[in-house]
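Visitor: My structure is stored as query09.pdb, with PDB, C-alpha atoms.
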ATOM      1  CA  LEU P   1     -30.521   4.759  11.795
ATOM      2  CA  ASP P   2     -29.061   1.677  13.521
ATOM      3  CA  VAL P   3     -25.481   1.675  12.250
ATOM      4  CA  GLY P   4     -23.319   3.574   9.785
ATOM      5  CA  VAL P   5     -20.484   2.174   7.674
ATOM      6  CA  VAL P   6     -17.437   3.956   6.281
ATOM      7  CA  ALA P   7     -14.814   2.423   3.975
ATOM      8  CA  ALA P   8     -11.800   4.225   2.459
ATOM      9  CA  TYR P   9     -13.191   7.637   3.424
ATOM     10  CA  GLY P  10      -9.832   9.078   4.396
ATOM     11  CA  GLN P  11     -11.063  11.847   6.678
ATOM     12  CA  LEU P  12     -12.169  12.251  10.271
ATOM     13  CA  ILE P  13     -15.952  12.367  10.769
ATOM     14  CA  ARG P  14     -17.478  15.005  13.008
ATOM     15  CA  SER P  15     -18.667  13.832  16.425
ATOM     16  CA  GLU P  16     -22.264  14.901  15.785
ATOM     17  CA  VAL P  17     -22.356  12.599  12.747
ATOM     18  CA  LEU P  18     -20.777   9.730  14.671
ATOM     19  CA  ARG P  19     -23.579   9.955  17.234
ATOM     20  CA  LEU P  20     -26.403   9.692  14.699
ATOM     21  CA  PRO P  21     -26.548   5.859  14.406
ATOM     22  CA  ALA P  22     -27.732   4.052  17.544
ATOM     23  CA  GLN P  23     -24.906   1.495  17.254
ATOM     24  CA  GLY P  24     -22.320   4.001  16.073
ATOM     25  CA  MET P  25     -20.303   4.154  12.857
ATOM     26  CA  LEU P  26     -18.227   1.185  11.691
ATOM     27  CA  GLY P  27     -14.991   1.608   9.755
ATOM     28  CA  VAL P  28     -13.457  -0.949   7.370
ATOM     29  CA  HIS P  29      -9.681  -0.543   7.544
ATOM     30  CA  PRO P  30      -7.113  -2.533   5.486
ATOM     31  CA  SER P  31      -4.654  -3.356   8.261
ATOM     32  CA  MET P  32      -4.476  -5.131  11.596
ATOM     33  CA  LEU P  33      -5.156  -2.105  13.771
ATOM     34  CA  PRO P  34      -3.530  -0.518  15.686
ATOM     35  CA  GLN P  35      -0.868  -1.168  13.050
ATOM     36  CA  TYR P  36      -0.855   1.253  10.100
ATOM     37  CA  ARG P  37      -3.388   3.824  11.177
ATOM     38  CA  GLY P  38      -3.884   6.402   8.443
ATOM     39  CA  ALA P  39      -4.631   6.858   4.751
ATOM     40  CA  ALA P  40      -2.113   4.470   3.135
ATOM     41  CA  PRO P  41      -1.915   1.256   5.212
ATOM     42  CA  VAL P  42      -1.466  -1.081   2.238
ATOM     43  CA  ALA P  43       1.418   0.887   0.754
ATOM     44  CA  TRP P  44       3.264   1.195   4.062
ATOM     45  CA  ALA P  45       2.907  -2.500   4.828
ATOM     46  CA  LEU P  46       4.598  -3.248   1.494
ATOM     47  CA  LEU P  47       7.256  -0.577   2.009
ATOM     48  CA  ASP P  48       8.106  -2.097   5.386
ATOM     49  CA  GLY P  49       8.453  -5.568   3.882
ATOM     50  CA  ALA P  50       5.614  -7.007   5.980
ATOM     51  CA  THR P  51       4.670 -10.602   5.191
ATOM     52  CA  SER P  52       1.074 -10.186   6.307
ATOM     53  CA  THR P  53      -1.532  -7.516   6.890
ATOM     54  CA  GLY P  54      -5.290  -7.785   7.305
ATOM     55  CA  VAL P  55      -8.655  -6.107   7.690
ATOM     56  CA  THR P  56     -10.166  -4.546  10.812
ATOM     57  CA  ILE P  57     -13.790  -3.632  11.473
ATOM     58  CA  PHE P  58     -13.916  -1.034  14.238
ATOM     59  CA  ARG P  59     -16.181   1.586  15.731
ATOM     60  CA  LEU P  60     -15.176   5.100  14.751
ATOM     61  CA  ASP P  61     -14.508   7.782  17.341
ATOM     62  CA  GLU P  62     -13.024  11.271  17.119
ATOM     63  CA  ARG P  63      -9.491   9.910  16.821
ATOM     64  CA  LEU P  64      -7.846   8.552  13.661
ATOM     65  CA  ASP P  65      -8.518   4.797  13.268
ATOM     66  CA  ALA P  66      -8.372   4.355  17.040
ATOM     67  CA  GLY P  67     -11.839   3.074  17.993
ATOM     68  CA  GLU P  68     -12.818  -0.258  19.520
ATOM     69  CA  ILE P  69     -12.368  -3.350  17.343
ATOM     70  CA  VAL P  70     -15.243  -5.738  16.686
ATOM     71  CA  SER P  71     -13.633  -7.981  14.030
ATOM     72  CA  GLN P  72     -10.249  -8.661  12.426
ATOM     73  CA  ARG P  73      -8.838 -11.085   9.881
ATOM     74  CA  GLU P  74      -5.152 -11.507   9.028
ATOM     75  CA  VAL P  75      -4.180 -11.836   5.357
ATOM     76  CA  ALA P  76      -0.837 -13.082   4.004
ATOM     77  CA  ILE P  77       0.905 -10.827   1.481
ATOM     78  CA  GLU P  78       1.707 -12.799  -1.653
ATOM     79  CA  SER P  79       5.171 -12.762  -3.197
ATOM     80  CA  GLY P  80       5.524  -9.955  -5.728
ATOM     81  CA  GLU P  81       2.115  -8.481  -4.870
ATOM     82  CA  ASP P  82       1.676  -4.766  -5.496
ATOM     83  CA  ALA P  83      -0.539  -2.279  -3.668
ATOM     84  CA  GLN P  84      -3.263  -2.357  -6.304
ATOM     85  CA  ARG P  85      -3.678  -6.126  -6.216
ATOM     86  CA  LEU P  86      -3.417  -6.330  -2.416
ATOM     87  CA  THR P  87      -6.007  -3.568  -1.995
ATOM     88  CA  GLU P  88      -8.411  -5.490  -4.224
ATOM     89  CA  ARG P  89      -7.987  -8.665  -2.177
ATOM     90  CA  LEU P  90      -8.410  -6.834   1.118
ATOM     91  CA  ALA P  91     -11.589  -5.175  -0.175
ATOM     92  CA  GLY P  92     -13.147  -8.611  -0.655
ATOM     93  CA  VAL P  93     -12.058  -9.749   2.799
ATOM     94  CA  GLY P  94     -13.301  -6.506   4.294
ATOM     95  CA  ALA P  95     -16.764  -6.973   2.801
ATOM     96  CA  GLU P  96     -16.991 -10.461   4.317
ATOM     97  CA  GLU P  97     -15.809  -9.274   7.729
ATOM     98  CA  LEU P  98     -18.225  -6.345   7.663
ATOM     99  CA  LEU P  99     -21.209  -8.620   7.016
ATOM    100  CA  GLY P 100     -20.148 -10.843   9.909
ATOM    101  CA  ALA P 101     -19.766  -7.857  12.214
ATOM    102  CA  LEU P 102     -23.197  -6.487  11.295
ATOM    103  CA  GLU P 103     -24.785  -9.872  11.949
ATOM    104  CA  ALA P 104     -23.076 -10.073  15.349
ATOM    105  CA  ILE P 105     -24.247  -6.577  16.277
ATOM    106  CA  GLU P 106     -27.807  -7.362  15.198
ATOM    107  CA  ALA P 107     -27.808 -10.592  17.230
ATOM    108  CA  GLY P 108     -26.414  -8.820  20.295
ATOM    109  CA  ARG P 109     -23.283 -10.990  20.458
ATOM    110  CA  ALA P 110     -20.682  -8.484  19.236
ATOM    111  CA  THR P 111     -17.686  -7.956  21.503
ATOM    112  CA  TRP P 112     -15.644  -4.757  21.402
ATOM    113  CA  CYS P 113     -11.899  -4.693  22.099
ATOM    114  CA  PRO P 114     -10.057  -1.415  22.772
ATOM    115  CA  GLN P 115      -6.899  -0.788  20.786
ATOM    116  CA  ASP P 116      -3.503  -0.610  22.466
ATOM    117  CA  ASP P 117      -2.291   2.860  21.513
ATOM    118  CA  ALA P 118       1.241   1.936  22.599
ATOM    119  CA  GLN P 119       1.396  -0.556  19.689
ATOM    120  CA  ALA P 120       0.117   1.889  17.088
ATOM    121  CA  THR P 121       2.044   2.728  13.926
ATOM    122  CA  MET P 122       1.096   5.312  11.318
ATOM    123  CA  ALA P 123       0.555   5.119   7.554
ATOM    124  CA  PRO P 124       0.372   8.705   6.259
ATOM    125  CA  THR P 125      -0.728   9.662   2.757
ATOM    126  CA  LEU P 126       1.876   9.093   0.063
ATOM    127  CA  THR P 127       3.077  12.016  -2.031
ATOM    128  CA  LYS P 128       4.886  12.085  -5.372
ATOM    129  CA  ALA P 129       8.134  12.486  -3.457
ATOM    130  CA  HIS P 130       7.629   9.035  -1.898
ATOM    131  CA  GLY P 131       7.867   7.466  -5.355
ATOM    132  CA  ARG P 132      11.287   8.901  -6.204
ATOM    133  CA  ILE P 133      13.840   6.090  -6.369
ATOM    134  CA  ASP P 134      16.983   6.501  -4.300
ATOM    135  CA  TRP P 135      19.456   4.145  -5.954
ATOM    136  CA  SER P 136      21.695   4.180  -2.883
ATOM    137  CA  GLN P 137      19.048   2.102  -1.105
ATOM    138  CA  PRO P 138      19.265  -1.725  -1.196
ATOM    139  CA  ALA P 139      17.718  -3.425  -4.211
ATOM    140  CA  GLU P 140      15.123  -5.139  -1.988
ATOM    141  CA  ALA P 141      13.916  -1.782  -0.665
ATOM    142  CA  ILE P 142      13.611  -0.326  -4.164
ATOM    143  CA  GLU P 143      11.708  -3.383  -5.365
ATOM    144  CA  ARG P 144       9.266  -2.927  -2.468
ATOM    145  CA  LEU P 145       8.915   0.749  -3.390
ATOM    146  CA  VAL P 146       7.948  -0.191  -6.953
ATOM    147  CA  ARG P 147       5.203  -2.490  -5.667
ATOM    148  CA  ALA P 148       4.024  -0.229  -2.842
ATOM    149  CA  THR P 149       3.547   2.870  -5.006
ATOM    150  CA  ARG P 150       1.501   1.221  -7.721
ATOM    151  CA  PRO P 151      -0.796   2.742  -8.885
ATOM    152  CA  TRP P 152      -0.061   5.910  -6.845
ATOM    153  CA  PRO P 153       2.242   7.778  -6.929
ATOM    154  CA  GLY P 154       4.348   5.346  -8.954
ATOM    155  CA  ALA P 155       8.066   4.684  -8.590
ATOM    156  CA  ALA P 156      10.240   6.778 -10.874
ATOM    157  CA  THR P 157      13.764   7.873 -11.641
ATOM    158  CA  GLU P 158      15.240  10.441 -14.018
ATOM    159  CA  TRP P 159      16.564   9.564 -17.453
ATOM    160  CA  HIS P 160      17.964  12.206 -19.839
ATOM    161  CA  GLY P 161      16.308  14.899 -17.760
ATOM    162  CA  GLN P 162      12.839  13.351 -17.893
ATOM    163  CA  ARG P 163      10.768  11.223 -15.543
ATOM    164  CA  LEU P 164      11.014   7.487 -16.166
ATOM    165  CA  GLY P 165       8.475   5.362 -14.338
ATOM    166  CA  ILE P 166       9.539   1.908 -13.134
ATOM    167  CA  LEU P 167       6.511  -0.395 -13.071
ATOM    168  CA  SER P 168       7.962  -3.865 -12.596
ATOM    169  CA  ALA P 169      11.327  -4.915 -11.201
ATOM    170  CA  SER P 170      13.058  -7.607  -9.180
ATOM    171  CA  ALA P 171      15.986  -7.492  -6.789
ATOM    172  CA  GLY P 172      19.215  -9.345  -7.475
ATOM    173  CA  ALA P 173      21.325 -10.754  -4.670
ATOM    174  CA  SER P 174      24.665 -10.410  -6.442
ATOM    175  CA  SER P 175      27.029  -7.713  -5.221
ATOM    176  CA  CYS P 176      27.910  -4.831  -7.519
ATOM    177  CA  ALA P 177      30.848  -2.442  -7.303
ATOM    178  CA  ASP P 178      29.359   0.142  -9.664
ATOM    179  CA  VAL P 179      28.047   3.494  -8.447
ATOM    180  CA  PRO P 180      24.365   3.199  -7.446
ATOM    181  CA  GLY P 181      22.135   4.190 -10.355
ATOM    182  CA  THR P 182      24.600   2.932 -12.982
ATOM    183  CA  ILE P 183      23.238   0.672 -15.721
ATOM    184  CA  VAL P 184      25.420  -2.431 -15.602
ATOM    185  CA  HIS P 185      23.691  -4.692 -18.123
ATOM    186  CA  VAL P 186      21.035  -4.428 -20.834
ATOM    187  CA  SER P 187      19.137  -7.273 -22.472
ATOM    188  CA  SER P 188      15.658  -8.001 -23.812
ATOM    189  CA  ASP P 189      14.805  -9.461 -20.382
ATOM    190  CA  GLY P 190      15.487  -6.229 -18.530
ATOM    191  CA  ILE P 191      17.838  -3.423 -17.589
ATOM    192  CA  THR P 192      20.099  -4.201 -14.632
ATOM    193  CA  VAL P 193      20.897  -1.206 -12.432
ATOM    194  CA  ALA P 194      23.398  -0.988  -9.562
ATOM    195  CA  THR P 195      21.943  -0.100  -6.152
ATOM    196  CA  GLY P 196      23.355   0.499  -2.695
ATOM    197  CA  THR P 197      23.269  -3.257  -2.111
ATOM    198  CA  GLY P 198      22.819  -5.650  -5.023
ATOM    199  CA  THR P 199      21.207  -4.900  -8.363
ATOM    200  CA  LEU P 200      17.696  -4.218  -9.621
ATOM    201  CA  LEU P 201      16.382  -5.810 -12.813
ATOM    202  CA  VAL P 202      13.868  -3.423 -14.413
ATOM    203  CA  ARG P 203      11.335  -5.255 -16.588
ATOM    204  CA  GLU P 204       8.600  -2.722 -17.311
ATOM    205  CA  LEU P 205       8.787   1.044 -17.486
ATOM    206  CA  GLN P 206       6.952   4.126 -18.684
ATOM    207  CA  PRO P 207       8.742   7.091 -20.235
ATOM    208  CA  SER P 208       7.249  10.520 -19.618
ATOM    209  CA  GLY P 209       4.159  11.021 -21.783
ATOM    210  CA  ARG P 210       4.283   7.467 -23.147
ATOM    211  CA  ARG P 211       2.479   4.216 -22.514
ATOM    212  CA  ARG P 212       3.601   1.450 -20.212
ATOM    213  CA  MET P 213       5.969  -0.918 -22.001
ATOM    214  CA  HIS P 214       8.243  -3.903 -21.543
ATOM    215  CA  VAL P 215      11.965  -3.205 -21.630
ATOM    216  CA  SER P 216      12.286  -5.004 -24.977
ATOM    217  CA  ASP P 217       9.842  -2.526 -26.543
ATOM    218  CA  PHE P 218      11.659   0.389 -24.939
ATOM    219  CA  LEU P 219      15.006  -0.793 -26.262
ATOM    220  CA  ALA P 220      13.611  -1.086 -29.780
ATOM    221  CA  GLY P 221      13.198   2.682 -29.859
ATOM    222  CA  HIS P 222      16.211   3.652 -27.730
TER     223      HIS P 222
END
If you convert what's in this file into structure tokens, what do you get?
Guide:
Amino acid sequence: LDVGVVAAYGQLIRSEVLRLPAQGMLGVHPSMLPQYRGAAPVAWALLDGATSTGVTIFRLDERLDAGEIVSQREVAIESGEDAQRLTERLAGVGAEELLGALEAIEAGRATWCPQDDAQATMAPTLTKAHGRIDWSQPAEAIERLVRATRPWPGAATEWHGQRLGILSASAGASSCADVPGTIVHVSSDGITVATGTGTLLVRELQPSGRRRMHVSDFLAGH
């Protein structure tokens, strides 16, 4: 076995397995390592409001996403992009970078660059608790949460004692004196909710046990 490849595996690989391929095991990671080491790099990049991320091809070692880098490509994050869409785009870029890295290794021209551990940041697995909306946060942060947690674990609030998923929303710049979490305006275009700073316009939602729907459809039954 010349080389092994791992993508989106999410676990550490035992050292005896790492030693099996002559050229080691390559990992395809959706971030510009050493930034966002861990299981949820796409989500955390969106949560942090990053304007770009990327793909890294690196050689696995016993540490988490810390091996030597053979190839990287930066990718701009598009306006309004959610984690699902960004992951799909990065998967395509990652496949291209992986092929280039394998060709370089085969030709004997691959160069390996150690990571700077001092620059590392972590991207731990998201839990359901990460998706709970805190309306005291700024509208921009909540809007990022909606995009970052799609499809998992999903952003949600509570409405009449039940979970209400928020699937699409946009931040408003206007100030609002209402208590965060208060509905300040309702129309067929969306439900405007007060936040810690500004307002959030909710466009699509999903009541507990129901399908995803536009606000206009929700309002027709409520």
Visitor: What would the list of residues within 10 Å of (8.6, -3.3, -1.3) (file frame) look like as a CSV table (one decimal) with C-alpha atoms, keeping the file's coordinate frame, if all atoms listed in the file are what count?
Guide:
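What landed in out.csv:
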chain,number,residue,atom,x,y,z
P,43,ALA,CA,1.4,0.9,0.8
P,44,TRP,CA,3.3,1.2,4.1
P,45,ALA,CA,2.9,-2.5,4.8
P,46,LEU,CA,4.6,-3.2,1.5
P,47,LEU,CA,7.3,-0.6,2.0
P,48,ASP,CA,8.1,-2.1,5.4
P,49,GLY,CA,8.5,-5.6,3.9
P,50,ALA,CA,5.6,-7.0,6.0
P,80,GLY,CA,5.5,-10.0,-5.7
P,81,GLU,CA,2.1,-8.5,-4.9
P,82,ASP,CA,1.7,-4.8,-5.5
P,83,ALA,CA,-0.5,-2.3,-3.7
P,139,ALA,CA,17.7,-3.4,-4.2
P,140,GLU,CA,15.1,-5.1,-2.0
P,141,ALA,CA,13.9,-1.8,-0.7
P,142,ILE,CA,13.6,-0.3,-4.2
P,143,GLU,CA,11.7,-3.4,-5.4
P,144,ARG,CA,9.3,-2.9,-2.5
P,145,LEU,CA,8.9,0.7,-3.4
P,146,VAL,CA,7.9,-0.2,-7.0
P,147,ARG,CA,5.2,-2.5,-5.7
P,148,ALA,CA,4.0,-0.2,-2.8
P,149,THR,CA,3.5,2.9,-5.0
Visitor: Write out as number ranges by chain the residues lying within 8 Å of P:Gly154, counting all atoms listed in the file and excluding same-chain residues fewer than 3 positions away.
Guide: P: 128, 131, 146, 149-151, 165-167
Visitor: I want to know what sits within 6 Å of stretch 63-69 of chain P, based on all atoms listed in the file, with residues of the same chain fewer than 5 positions away left out; could you give that as an mmCIF file with C-alpha atoms, in the frame of the given file?
Guide:
data_model
loop_
_atom_site.group_PDB
_atom_site.id
_atom_site.type_symbol
_atom_site.label_atom_id
_atom_site.label_comp_id
_atom_site.auth_asym_id
_atom_site.auth_seq_id
_atom_site.Cartn_x
_atom_site.Cartn_y
_atom_site.Cartn_z
ATOM 1 C CA ARG P 37 -3.388 3.824 11.177
ATOM 2 C CA PHE P 58 -13.916 -1.034 14.238
ATOM 3 C CA TRP P 112 -15.644 -4.757 21.402
ATOM 4 C CA CYS P 113 -11.899 -4.693 22.099
ATOM 5 C CA PRO P 114 -10.057 -1.415 22.772
#
Visitor: Enter the distance from atom CA of P:Val93 to atom CA of P:Gly54, in Å, rounded to one decimal.
Guide: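 Distance between the two atoms: 8.4 Å.
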Visitor: In Å to one decimal, how far is atom CA of P:Gly196 from atom CA of P:Cys176?
Guide: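 Those two atoms sit 8.5 Å apart.
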